[in-house]
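Colleague: Here you go, one structure.
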Amino acid sequence: MTWQSKEIHLMGTVIDVMIYHEKAEEILEQVDKQLRENEIRFSANNDKSELIAVNLHAGKEWVRVHPSLFKLIELGKHHSVAPNSFLNISIGPLTKAWRIGFPDGRKPQESEITTLLEQIDPSRIQLDSKTRSVYLEKGMSLDLGALAKGYIADIIVEDLKKQGVQSALINLGGNVVTFGSAPNKQRKEWRIGIKNPRETEEVYSEILKVTNQSVVTSGIYERVLEANNQKYHHIFDSKTGYPVETAILSLTIISEKSVDGEIWTTRLFGNEPEEIINEVNELMGIEALVITEEKNYYSKGMTKYL
């Protein structure tokens with residue numbers, strides 16, 4: 001049995017996979033292939049993806065999709081239409097207009113934003129569970145970027161376990177999933193550093209100790225557009241068409257499933273820190289760390305991970 005790791009450049013980030021298995025090298029190659037297959041399925045930026053096919057047929061016809069893509073769209077819609085949710089998988093037209101994080105990023109005109117707001121209502125996504133088909137009205141498009149990495153990570157973890165992998169860490173850039181024991185023989189927990197967004201250098205605000213859990217962090221410092229002497233981050237408010245106005249620099253969620261971390265970092269990001277903590281305290285199996293310019297906020301069960 002040996003530890004081996006692989007670095008994969010995909011999904012606009014650097015993915016690190018580390019596993020403990022006697023056939024680690026062979027399994028890592030399978031993970032690489034699996035990641036590329038899922039990227040083609042879920043990406044809103046790959047012209048060959050199954051998701052793009054759904055978007056291209058908006059206003060034209062129903063599109064039958066792979067079961068895993070249908071499941072993710074269904075899950076995404078459920079959390080997008082929830083009261084006070086900042087998650088919106090139908091936000092595609094808006095993210096395409098702003099293009100924050102891409103070389104051609106820009107601030108759209110106010111009139112353009114007003115028009116786009118009419119095209120990003122997630123309740124108008126139509127789903128047929130019998131045929132696993134999706135229908136979008138004309139002008140609509142889906143963007144699963146707030147969920148896909150976590151969903152893919154969970155799929156890979158389940159597959160690794162089926163192959164007898166005893167321990168692993170998958171880091172998809174801001175999304176870390178662990179299971180089994182860490183390589184350090186003195187301790188079982190994995191140590192996951194949470195960047196201090198108040199610092200320009202790579203300084204950690206906290207080091208979390210986790211086992212068999214996911215750590216997802218979303219922050220306004222990750223992708224930024226500078227236009228007209230103003231900075232705009234990439235987390236949008238579907239009510240205004242602009243990035244959310246918030247005092248929060250980053251939100252970290254610890255959960256068993258990585259997709260849950262993705263869901264709740266996005267659903268809650270536009271709320272006040274106290275509101276986020278109060279809501280997380282009511283959720284089972286979810287803990288949160290909120291970092292603002294002034295202080296850190298912790299959910300009730302977070303202490304055991306520090």
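Numbering starts fresh at 1 for the residues of each chain in the structure tokens, the chains themselves are lettered A, B, ... in the order given, and ligands are numbered from 1 as they appear.
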I'd like the neighbourhood of His79 (chain A) as a ChimeraX atom specification, where a residue qualifies if any of its atoms comes within 10 Å (using only C-alpha atoms), though same-chain residues fewer than 5 positions away should be ignored.

Modeller: /A:74,84-89,122,263-264,266-267

Colleague: Keeping only N, CA, C and O atoms, write those residues as a short mmCIF file (atom, residue, chain, number, x, y, z; two decimals), in the first residue's frame.

Modeller:
data_model
loop_
_atom_site.label_atom_id
_atom_site.label_comp_id
_atom_site.auth_asym_id
_atom_site.auth_seq_id
_atom_site.Cartn_x
_atom_site.Cartn_y
_atom_site.Cartn_z
N GLU A 74 -32.16 18.96 -10.91
CA GLU A 74 -33.31 18.84 -10.02
C GLU A 74 -32.96 19.35 -8.62
O GLU A 74 -33.72 20.11 -8.01
N ASN A 84 -35.51 32.94 0.25
CA ASN A 84 -34.30 33.70 0.62
C ASN A 84 -33.00 33.05 0.17
O ASN A 84 -31.94 33.33 0.72
N SER A 85 -33.06 32.18 -0.85
CA SER A 85 -31.85 31.53 -1.35
C SER A 85 -31.10 32.43 -2.32
O SER A 85 -31.70 33.03 -3.21
N PHE A 86 -29.78 32.50 -2.16
CA PHE A 86 -28.94 33.23 -3.11
C PHE A 86 -28.38 32.31 -4.19
O PHE A 86 -27.67 32.76 -5.08
N LEU A 87 -28.70 31.02 -4.10
CA LEU A 87 -28.34 30.08 -5.16
C LEU A 87 -29.36 30.19 -6.28
O LEU A 87 -30.56 30.25 -6.04
N ASN A 88 -28.89 30.20 -7.52
CA ASN A 88 -29.78 30.27 -8.67
C ASN A 88 -29.10 29.62 -9.87
O ASN A 88 -28.21 30.21 -10.49
N ILE A 89 -29.50 28.39 -10.19
CA ILE A 89 -28.84 27.69 -11.30
C ILE A 89 -29.28 28.21 -12.66
O ILE A 89 -28.69 27.84 -13.68
N PRO A 122 -35.56 30.69 -11.62
CA PRO A 122 -35.39 29.23 -11.56
C PRO A 122 -36.70 28.46 -11.51
O PRO A 122 -36.73 27.28 -11.86
N ILE A 263 -23.89 23.86 -1.92
CA ILE A 263 -25.24 24.42 -1.84
C ILE A 263 -25.32 25.51 -0.79
O ILE A 263 -25.80 26.62 -1.06
N TRP A 264 -24.85 25.22 0.42
CA TRP A 264 -25.06 26.16 1.53
C TRP A 264 -24.12 27.35 1.50
O TRP A 264 -24.48 28.44 1.95
N THR A 266 -23.41 28.87 -1.17
CA THR A 266 -24.06 29.76 -2.14
C THR A 266 -25.41 30.26 -1.66
O THR A 266 -25.74 31.44 -1.79
N ARG A 267 -26.22 29.37 -1.09
CA ARG A 267 -27.56 29.77 -0.60
C ARG A 267 -27.48 30.89 0.42
O ARG A 267 -28.32 31.79 0.45
#

Colleague: Env of Ser43 (chain A): 12 Å cut, atoms = only C-alpha atoms, seq-sep filter 2 positions within chain, self excluded. Answer as an MDAnalysis selection string.

Modeller: chainID A and resid 10:12 35:41 45:55 69 92 142:149 152

Colleague: Using DSSP on the backbone coordinates, identify all residues within region 23-232 of chain A classified as strand (DSSP E or B); present the result as an MDAnalysis selection string.

Modeller: chainID A and resid 63:64 126:128 133:135 167:171 175:179 190:195 204:210 214:219 224:227 230:232

Colleague: When you look at Leu251 (chain A) with a cut-off of 8 Å (counting only C-alpha atoms), what residues show up, excluding the ones that are within fewer than 4 positions of it in the same chain? I need them as a PyMOL selection string.

Modeller: chain A and resi 217-219+265+269+288-291

Colleague: Give me the residues near Ala24 (chain A) as a list in words, where near means some atom within 9 Å (using only C-alpha atoms) and where sequence neighbours in that chain fewer than 2 positions away do not count.

Modeller: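 Returned residues: Met1, Thr2, Trp3, Gln4, Ser5, Met18, Ile19, Tyr20, His21, Glu22, Glu26, Ile27, Leu28, Glu29 and Val165 of chain A.
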
Colleague: Using the selection just defined, write its residues with all heavy atoms as a short mmCIF file (atom, residue, chain, number, x, y, z; two decimals), in the first residue's frame.

Modeller:
data_model
loop_
_atom_site.label_atom_id
_atom_site.label_comp_id
_atom_site.auth_asym_id
_atom_site.auth_seq_id
_atom_site.Cartn_x
_atom_site.Cartn_y
_atom_site.Cartn_z
N MET A 1 0.84 -1.19 0.00
CA MET A 1 0.00 0.00 0.00
C MET A 1 0.88 1.25 0.00
O MET A 1 1.81 1.36 0.81
CB MET A 1 -0.88 0.02 1.25
CG MET A 1 -1.96 -1.05 1.24
SD MET A 1 -3.27 -0.70 0.07
CE MET A 1 -4.69 -1.24 0.96
N THR A 2 0.58 2.17 -0.88
CA THR A 2 1.37 3.41 -0.94
C THR A 2 0.47 4.62 -1.15
O THR A 2 -0.64 4.51 -1.67
CB THR A 2 2.38 3.35 -2.12
OG1 THR A 2 1.65 3.17 -3.35
CG2 THR A 2 3.38 2.23 -1.94
N TRP A 3 0.99 5.78 -0.73
CA TRP A 3 0.34 7.06 -1.02
C TRP A 3 0.86 7.57 -2.35
O TRP A 3 2.06 7.59 -2.58
CB TRP A 3 0.65 8.08 0.07
CG TRP A 3 -0.16 7.94 1.31
CD1 TRP A 3 0.22 7.36 2.48
CD2 TRP A 3 -1.50 8.39 1.51
NE1 TRP A 3 -0.79 7.40 3.40
CE2 TRP A 3 -1.86 8.03 2.84
CE3 TRP A 3 -2.43 9.04 0.70
CZ2 TRP A 3 -3.12 8.32 3.35
CZ3 TRP A 3 -3.68 9.32 1.22
CH2 TRP A 3 -4.02 8.96 2.53
N GLN A 4 -0.07 7.98 -3.20
CA GLN A 4 0.34 8.62 -4.45
C GLN A 4 -0.61 9.76 -4.74
O GLN A 4 -1.78 9.74 -4.33
CB GLN A 4 0.33 7.62 -5.62
CG GLN A 4 1.52 6.66 -5.58
CD GLN A 4 1.81 6.05 -6.94
OE1 GLN A 4 1.68 6.71 -7.97
NE2 GLN A 4 2.21 4.79 -6.94
N SER A 5 -0.11 10.76 -5.44
CA SER A 5 -0.94 11.93 -5.75
C SER A 5 -0.83 12.28 -7.23
O SER A 5 0.12 11.89 -7.90
CB SER A 5 -0.54 13.12 -4.89
OG SER A 5 0.79 13.49 -5.15
N MET A 18 -5.11 12.71 -3.87
CA MET A 18 -4.14 11.89 -3.14
C MET A 18 -4.86 10.65 -2.61
O MET A 18 -5.90 10.78 -1.95
CB MET A 18 -3.56 12.69 -1.97
CG MET A 18 -2.53 11.95 -1.14
SD MET A 18 -2.08 12.87 0.38
CE MET A 18 -1.42 14.36 -0.33
N ILE A 19 -4.35 9.45 -2.91
CA ILE A 19 -5.03 8.24 -2.45
C ILE A 19 -4.03 7.23 -1.86
O ILE A 19 -2.83 7.27 -2.15
CB ILE A 19 -5.84 7.56 -3.58
CG1 ILE A 19 -4.90 7.01 -4.67
CG2 ILE A 19 -6.86 8.51 -4.17
CD1 ILE A 19 -5.63 6.14 -5.69
N TYR A 20 -4.58 6.32 -1.06
CA TYR A 20 -3.78 5.26 -0.43
C TYR A 20 -4.32 3.92 -0.92
O TYR A 20 -5.42 3.50 -0.57
CB TYR A 20 -3.91 5.36 1.09
CG TYR A 20 -3.03 4.41 1.86
CD1 TYR A 20 -1.64 4.46 1.76
CD2 TYR A 20 -3.60 3.45 2.70
CE1 TYR A 20 -0.84 3.60 2.48
CE2 TYR A 20 -2.81 2.58 3.43
CZ TYR A 20 -1.42 2.65 3.31
OH TYR A 20 -0.62 1.79 4.04
N HIS A 21 -3.53 3.25 -1.78
CA HIS A 21 -3.98 1.97 -2.36
C HIS A 21 -2.79 1.29 -3.02
O HIS A 21 -1.85 1.95 -3.48
CB HIS A 21 -5.09 2.23 -3.39
CG HIS A 21 -5.84 1.00 -3.78
ND1 HIS A 21 -5.42 0.16 -4.79
CD2 HIS A 21 -7.00 0.47 -3.32
CE1 HIS A 21 -6.28 -0.84 -4.92
NE2 HIS A 21 -7.25 -0.68 -4.04
N GLU A 22 -2.84 -0.03 -3.11
CA GLU A 22 -1.72 -0.77 -3.72
C GLU A 22 -1.65 -0.52 -5.24
O GLU A 22 -0.58 -0.68 -5.83
CB GLU A 22 -1.87 -2.27 -3.43
CG GLU A 22 -3.16 -2.88 -3.93
CD GLU A 22 -3.35 -4.32 -3.46
OE1 GLU A 22 -2.53 -4.79 -2.64
OE2 GLU A 22 -4.31 -4.95 -3.92
N GLU A 26 -2.74 3.41 -11.01
CA GLU A 26 -3.78 2.99 -11.96
C GLU A 26 -5.12 3.67 -11.63
O GLU A 26 -5.83 4.14 -12.52
CB GLU A 26 -3.94 1.46 -11.88
CG GLU A 26 -5.00 0.88 -12.78
CD GLU A 26 -5.13 -0.62 -12.60
OE1 GLU A 26 -4.09 -1.30 -12.41
OE2 GLU A 26 -6.27 -1.12 -12.63
N ILE A 27 -5.45 3.73 -10.35
CA ILE A 27 -6.72 4.34 -9.93
C ILE A 27 -6.72 5.85 -10.18
O ILE A 27 -7.73 6.43 -10.59
CB ILE A 27 -7.00 4.02 -8.45
CG1 ILE A 27 -7.29 2.52 -8.30
CG2 ILE A 27 -8.17 4.84 -7.92
CD1 ILE A 27 -7.44 2.05 -6.87
N LEU A 28 -5.57 6.48 -9.98
CA LEU A 28 -5.47 7.93 -10.25
C LEU A 28 -5.72 8.24 -11.72
O LEU A 28 -6.30 9.28 -12.05
CB LEU A 28 -4.11 8.46 -9.80
CG LEU A 28 -3.92 8.62 -8.29
CD1 LEU A 28 -2.45 8.92 -7.96
CD2 LEU A 28 -4.81 9.73 -7.74
N GLU A 29 -5.28 7.37 -12.60
CA GLU A 29 -5.55 7.56 -14.03
C GLU A 29 -7.05 7.46 -14.31
O GLU A 29 -7.59 8.20 -15.15
CB GLU A 29 -4.78 6.52 -14.86
CG GLU A 29 -3.28 6.75 -14.92
CD GLU A 29 -2.92 8.12 -15.49
OE1 GLU A 29 -3.55 8.53 -16.49
OE2 GLU A 29 -2.05 8.78 -14.92
N VAL A 165 -10.22 1.77 -1.99
CA VAL A 165 -9.32 2.82 -1.50
C VAL A 165 -9.67 3.12 -0.04
O VAL A 165 -10.83 3.36 0.30
CB VAL A 165 -9.45 4.09 -2.35
CG1 VAL A 165 -8.61 5.22 -1.76
CG2 VAL A 165 -9.03 3.82 -3.79
#
